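Written below as structure tokens is the structure these notes are about.
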Amino acid sequence: MRKVERTRRYEATLDGVRALTALVVLRNKVIKPLLAAACQPRRRGRRPSNLTAVDHHYHTLRGTTSELFEDLGIAA
């Protein structure tokens with residue numbers, strides 16, 4: 001954000017809009033699903049036989065997030 005001269009208004013900068021967009025995408029696509037998954041008990045069942053690289057990353061991230069919550073004392 002930058003202040004418009006001689007006014008009380010501010011104008012969004014390109015870098016500011018990019019940063020805000022990145023934060024919104026992270027919140028909606030990463031943080032919310034991880035928090036929702038951390039609150040639900042893990043379902044034990046057969047894993048699909050064709051996991052993609054994204055699936056592997058998600059499972060790793062979910063596991064380490066659960067460990068982080070336990071270390072911080074906020075695990076349910």
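Naming works like this for the structure tokens: A, B, ... for the chains as they're shown, residue 1 at the start of each chain, ligands 1 onward in shown order.
Running DSSP on the backbone gives strand (DSSP E) for these residues within chain A: Arg2, Lys3, Tyr10 and Glu11 of chain A.
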Selected residues, N, CA and C atoms, written as a compact mmCIF listing (two decimals), in the first residue's frame, please.
```
# COMPACT_ATOMS: atom_id res chain seq x y z
N ARG A 2 0.44 2.21 -0.69
CA ARG A 2 1.16 3.48 -0.63
C ARG A 2 0.12 4.60 -0.57
N LYS A 3 0.50 5.64 0.10
CA LYS A 3 -0.39 6.77 0.31
C LYS A 3 -0.44 7.64 -0.95
N TYR A 10 -5.23 5.43 0.25
CA TYR A 10 -4.10 4.56 -0.06
C TYR A 10 -4.39 3.81 -1.34
N GLU A 11 -3.32 3.43 -2.02
CA GLU A 11 -3.44 2.72 -3.28
C GLU A 11 -2.69 1.40 -3.16
```
Determine, counting only C-alpha atoms, which protein, DNA and RNA residues have an atom within 8 Å of an atom of Ala12 (chain A); residues of the same chain fewer than 3 positions away are not included. Present the result as a JSON list (two decimals) with C-alpha atoms, in the first residue's frame.
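Generated output (result04.json):
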```
[["chain", "number", "residue", "atom", "x", "y", "z"],
["A", 1, "MET", "CA", 0.00, 0.00, 0.00],
["A", 2, "ARG", "CA", 1.16, 3.48, -0.63],
["A", 16, "GLY", "CA", 0.99, -5.94, -1.98],
["A", 17, "VAL", "CA", -1.75, -7.52, -4.08]]
```
Report task. Find the residues around region 48-63 of chain A up to 10 Å (only C-alpha atoms counted), leave out those fewer than 5 positions away in its own chain, and share them as a ChimeraX atom specification. Result -> /A:30,33-35,37-38,68
